[in-house]
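**Student:** A single structure is presented below for examination.
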Amino acid sequence: LHEIKQQLQQLLEGEITNDPAALDTYSRDASIFQVRPELIISPKHTADIKKLVQFVAKHKHNKHKGLSITPRAAGTDMSGGPLSDSIILDMKPHFHEILKVGADFMTVQPGIYYRDFEKTSLKHHLILPSYTASKELCTIGGMIANNAAGELSLSYGQTERYVKKLKVVLADGNEYSLHPLNKRQLADKLKLKTYEGEIYRRVFHLVEKHQQVIQAAKPQVSKNSAGYLLWNVWDGKTFDLAQLMVGSQGTLGVITEATMELVRPKKHSRLLVIFLSDLKDLATIVNKVLVHKPESFECYDDQTLGLAFKFLPEIAKLLKIKNLFTLARQFLPELRLIVTSGMPKLVLLAQFTGDSARDVTKQAETAQRDIASFAQQTIITDKHDSKKYWVVRRESFNLLRHHVHHKHTAPFIDDIIVNPVYLPHFLPRLDAIMDDYHLTYTIAGHIGNGNFHIFPLMDMTDPATRKIIPELSERVFRLVLEYKGSIAGEHNDGIVRTPYLKMQYGPKICALFEEVKDIFDPYRIFNPGKKVEITKRYALDHFIDT
Ligand SMILES: Cc1cc2nc3c(=O)[nH]c(=O)nc-3n(C[C@H](O)[C@H](O)[C@H](O)COP(=O)(O)OP(=O)(O)OC[C@H]3O[C@@H](n4cnc5c(N)ncnc54)[C@H](O)[C@@H]3O)c2cc1C
């Protein structure tokens with residue numbers, strides 16, 4: 001290692017460290033895993049990345065077979081995606097520039113935080129609508145590599161829809177521009193007698209030959225980030241290799257630049273808040289609200305609400321409220337409800353938006369009338385008063401993560417998704433499985449998509465608790481797949497779900513995933529053990545032990 005580090009210091013302009021404290025930090029993300037890297041490299045520019053890829057390729061053939069490169073951005077991944085026992089490529093320090101702002105797009109470097117990206121996009125009255133609940137913490141590169149999604153994805157879809165063009169360093173150590181090609185442009189690429197031509201030919205052959213199996217394997221849900229997104233590459237008219245990079249978790253190459261399409265947010269919004277004392281009518285309510293086409297439809301449970309009460313000072317800070325009285329007033333509806341009819345079991349947030357205030361209010365009121373008789377209580381709030389609900393919804397996981405010290409918020413069944421029409425059958429069965437384990441857990445999520453984030457609180461040092469994780473995962477995933485859902489709506493596969501991809505897609509599609517990996521990364525330079533080639537044993541052996 002010492003020798004490798006020295007050689008790399010000669011070769012690259014970016015910083016290189018194996019300082020133990022830094023290695024500790026980079027051995028964790030927001031998942032239940034820890035993997036200690038050997039080196040952290042912050043590339044100064046694309047030339048550094050190209051040289052590093054060539055260096056690793058060369059040394060893998062010699063005596064350093066285990067060398068690899070794992071891109072990392074903000075490290076908020078919940079799946080173990082940015083963890084590696086070799087080189088971490090930290091994209092944050094030098095890849096955070098905004099390169100161009102157009103009428104409906106921005107071109108940026110991937111290490112830019114979403115919060116900084118948004119500051120600029122909002123100046124142009126634009127947003128990237130696939131932003132996540134972690135929007136204050138994560139980067140654009142991480143969002144692309146995970147095919148991230150969020151509260152607006154019900155109507156705007158996930159990140160895959162907004163990637164116009166990517167620049168990517170591939171395994172030959174060169175940078176390529178990937179974007180949609182028409183048939184003529186594709187034909188030109190297929191003729192190239194180069195590395196690039198070879199990649200195009202092999203991927204084209206793969207998706208053409210297996211078109212039917214690929215389309216049939218696409219999960220029947222509105223969001224999915226499990227596996228490689230093969231179904232997005234070729235529709236018979238347009239061929240887009242950038243779509244293979246989306247959601248690939250840095251396993252096929254390093255994204256060095258991204259052009260993202262943006263949208264103009266609607267002018268007016270009204271939030272319909274629905275409190276439920278039990279879940280018996282949940283599925284009916286969800287499907288009745290969906291008829292009115294909310295822009296977003298989210299939920300959080302009683303445990304999450306309890307957390308908000310428990311950590312009121314943090315909530316106040318996030319709401320930028322200094323006065324306790326003002327804060328207490330914000331939570332009056334909940335307090336009144338708790339006194340009169342008890343703690344709500346679930347809170348649903350249905351946001352209606354549009355360019356006419358009158359129409360939006362009418363939409364929210366009609367939805368409210370339709371479901372009022374099934375709910376404990378409903379209220380409609382304006383943009384200002386709705387802020388509190390969004391903060392509670394977005395911040396629950398983070399509050400738990402930072403404030404519960406003896407137990408760990410354990411994401412492993414954190415991203416299941418089924419079509420909401422199945423909720424009446426699916427939810428009672430999910431409940432029954434969860435009941436078998438007597439765990440304390442929070443549920444929040446994108447109820448309009450049928451996408452639930454379940455976070456059990458677990459003592460990861462306890463062997464009995466650790467044993468629950470694979471068993472419960474398997475039971476929950478089986479149930480999800482019975483309803484043609486996906487095990488990962490937006491949080492991707494990483495270490496936590498890659499071992500279950502065969503369960504979701506079967507051997508044929510997983511063999512195609514392996515072929516994709518072989519085409520782009522035959523020598524396993526990029527982020528090994530994610531998407532393909534990882535065992536449950538590896539996952540179990542790398543659970544955090546604190
Ligand atoms: C509190 C909290 C809330 C969250 N809420 C959501 C949510 O609502 N929706 C959602 O989708 N996710 C959510 N997440 C998960 C996570 O924040 C997102 O997936 C986010 O997009 C990851 O971005 P990051 O910058 O942290 O990436 P990282 O965690 O650093 O990396 C993520 C993956 O991208 C790869 N990668 C990073 N940069 C590059 C690059 N330049 N080239 C190639 N590959 C790269 C990494 O190798 C890794 O596999 C949440 C996480 C937390 C902690």
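Residues in the structure tokens are numbered from 1 in each chain, the chains being A, B, ... in the order shown, and ligands are numbered from 1 in the order shown.
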Please provide as a list of chain:residue names all residues within 8 Å of His491 in chain A, with the sequence filter that same-chain residues fewer than 6 positions apart are discarded (counting only C-alpha atoms).

**Tutor:** A:Asp77, A:Met78, A:Ser79, A:Asn146, A:Asn147, A:Ala148, A:Ser225, A:Asp414, A:Asp415

**Student:** With C-alpha atoms retained, could you export that selection as a short mmCIF file (atom, residue, chain, number, x, y, z; two decimals), in the first residue's frame?

**Tutor:**
data_model
loop_
_atom_site.label_atom_id
_atom_site.label_comp_id
_atom_site.auth_asym_id
_atom_site.auth_seq_id
_atom_site.Cartn_x
_atom_site.Cartn_y
_atom_site.Cartn_z
CA ASP A 77 -26.50 6.11 0.85
CA MET A 78 -28.59 3.68 2.92
CA SER A 79 -27.46 0.56 1.07
CA ASN A 146 -28.87 5.78 -7.11
CA ASN A 147 -31.73 6.86 -9.39
CA ALA A 148 -32.98 8.77 -6.36
CA SER A 225 -33.80 1.42 -8.59
CA ASP A 414 -36.30 0.55 3.95
CA ASP A 415 -37.43 0.92 0.37
#

**Student:** Counting only C-alpha atoms and all ligand atoms, what are the residues, protein, DNA or RNA alike, that approach ligand 1 to within 7 Å? I want them as a PyMOL selection string.

**Tutor:** chain A and resi 29-30+70-78+81-82+91+110-111+132-134+137-151+249-250+253-256+394-395+397-398+490-491+494+527

**Student:** Report as an MDAnalysis selection string all protein, DNA and RNA residues lying within 7 Å of range 346-358 of chain A, evaluated on only C-alpha atoms, omitting residues in the same chain fewer than 3 positions from it.

**Tutor:** chainID A and resid 266:277 294:302 361:364

**Student:** So that I can check the surroundings of range 211-222 of chain A, please list as an mmCIF file with C-alpha atoms, in the first residue's frame every protein, DNA and RNA residue that reaches within 6 Å of it, counting only C-alpha atoms and ignoring chain neighbours fewer than 6 positions away.

**Tutor:**
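Final file, around.cif:
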data_model
loop_
_atom_site.group_PDB
_atom_site.id
_atom_site.type_symbol
_atom_site.label_atom_id
_atom_site.label_comp_id
_atom_site.auth_asym_id
_atom_site.auth_seq_id
_atom_site.Cartn_x
_atom_site.Cartn_y
_atom_site.Cartn_z
ATOM 1 C CA TRP A 231 -35.442 -1.339 -19.967
ATOM 2 C CA ASN A 419 -48.576 -0.678 -6.713
ATOM 3 C CA LYS A 484 -45.004 -7.609 -8.497
ATOM 4 C CA GLY A 485 -43.281 -4.846 -6.556
#

**Student:** Which is closest to Asp278 in chain A among A:Ile4, A:Ile416, A:Met343, A:Leu472, if we use only C-alpha atoms?

**Tutor:**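 Closest candidate: A:Met343.
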
**Student:** Which residues are close to Gln34 in chain A, i.e. within 10 Å by only C-alpha atoms, leaving aside same-chain residues fewer than 5 positions away? Reply as a list in words.

**Tutor:**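 Here the answer would be Asp24, Thr25, Tyr26, Ser27, Arg28, Asp29, Gly80, Leu83, Ser84, Asp85, Ala539, Asp541, His542, Phe543, Ile544 and Asp545 of chain A.
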
**Student:** When DSSP is applied to the backbone of this structure, which of range 291-329 of chain A are assigned strand (DSSP E)? Write them out as a PyMOL selection string.

**Tutor:** chain A and resi 296-301

**Student:** Give me the residues within 6 Å of range 48-51 of chain A as a list in words, counting only C-alpha atoms and dropping any in the same chain fewer than 6 places off.

**Tutor:**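 So the residues in contact are Leu12, Gly173 and Asn174 of chain A.
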
**Student:** Go through range 21-166 of chain A and collect every residue that DSSP, computed from the backbone, puts in alpha helix (DSSP H); the answer should be as a PyMOL selection string.

**Tutor:** chain A and resi 21-26+46-61+114-123+140-146+153-156

**Student:** At what distance in Å, to one decimal, does CA of Tyr441 in chain A lie from CA of Ser130 in chain A?

**Tutor:**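 Separating CA of Ser130 in chain A from CA of Tyr441 in chain A is a distance of 26.0 Å.
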
**Student:** Which residues of range 360-456 of chain A sit at most 9 Å from range 315-327 of chain A, using only C-alpha atoms? Give each one's shortest atom pair and distance in Å (one decimal place), in chain and ascending residue order, as a tab-separated table.

**Tutor:**
residue	atom	partner	partner_atom	distance
A:Lys387	CA	A:Leu319	CA	7.5
A:Lys388	CA	A:Leu319	CA	6.9
A:Val391	CA	A:Leu318	CA	7.2
A:Val392	CA	A:Ile315	CA	7.4
A:Glu395	CA	A:Ile315	CA	8.4

**Student:** Would you mind telling me which residue in A:Ala328, A:Ile40, A:Ile454, A:Val203 lies nearest to Leu190 in chain A when using only C-alpha atoms?

**Tutor:**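 Nearest candidate to Leu190 in chain A out of A:Ala328, A:Ile40, A:Ile454, A:Val203: A:Val203.
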
**Student:** Applying 9 Å and only C-alpha atoms, which residues near range 459-462 of chain A remain after dropping the ones on its own chain fewer than 6 positions away? List them as number ranges by chain.

**Tutor:** A: 32, 406-410, 543-546

**Student:** Which one of A:Leu399, A:Leu8, A:Leu128, A:Ile487 sits closest to Thr304 in chain A if you count only C-alpha atoms?

**Tutor:**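 The closest residue to Thr304 in chain A is A:Leu399.
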
**Student:** Select, from A:Asp431, A:Ser86, A:Phe311, A:Val169, the residue with the minimum atom-to-atom distance to His402 in chain A, counting only C-alpha atoms.

**Tutor:** A:Phe311

**Student:** Could you work out how far CA of Pro456 in chain A lies from CA of Tyr422 in chain A, giving the answer in Å with one decimal?

**Tutor:**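 These two atoms are separated by 23.5 Å.
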
**Student:** Just checking: using only C-alpha atoms, which residue out of A:Lys193, A:His403, A:Arg161, A:His96 ends up closest to Glu257 in chain A?

**Tutor:**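 Checking each candidate against Glu257 in chain A, we get A:His96 as the closest.
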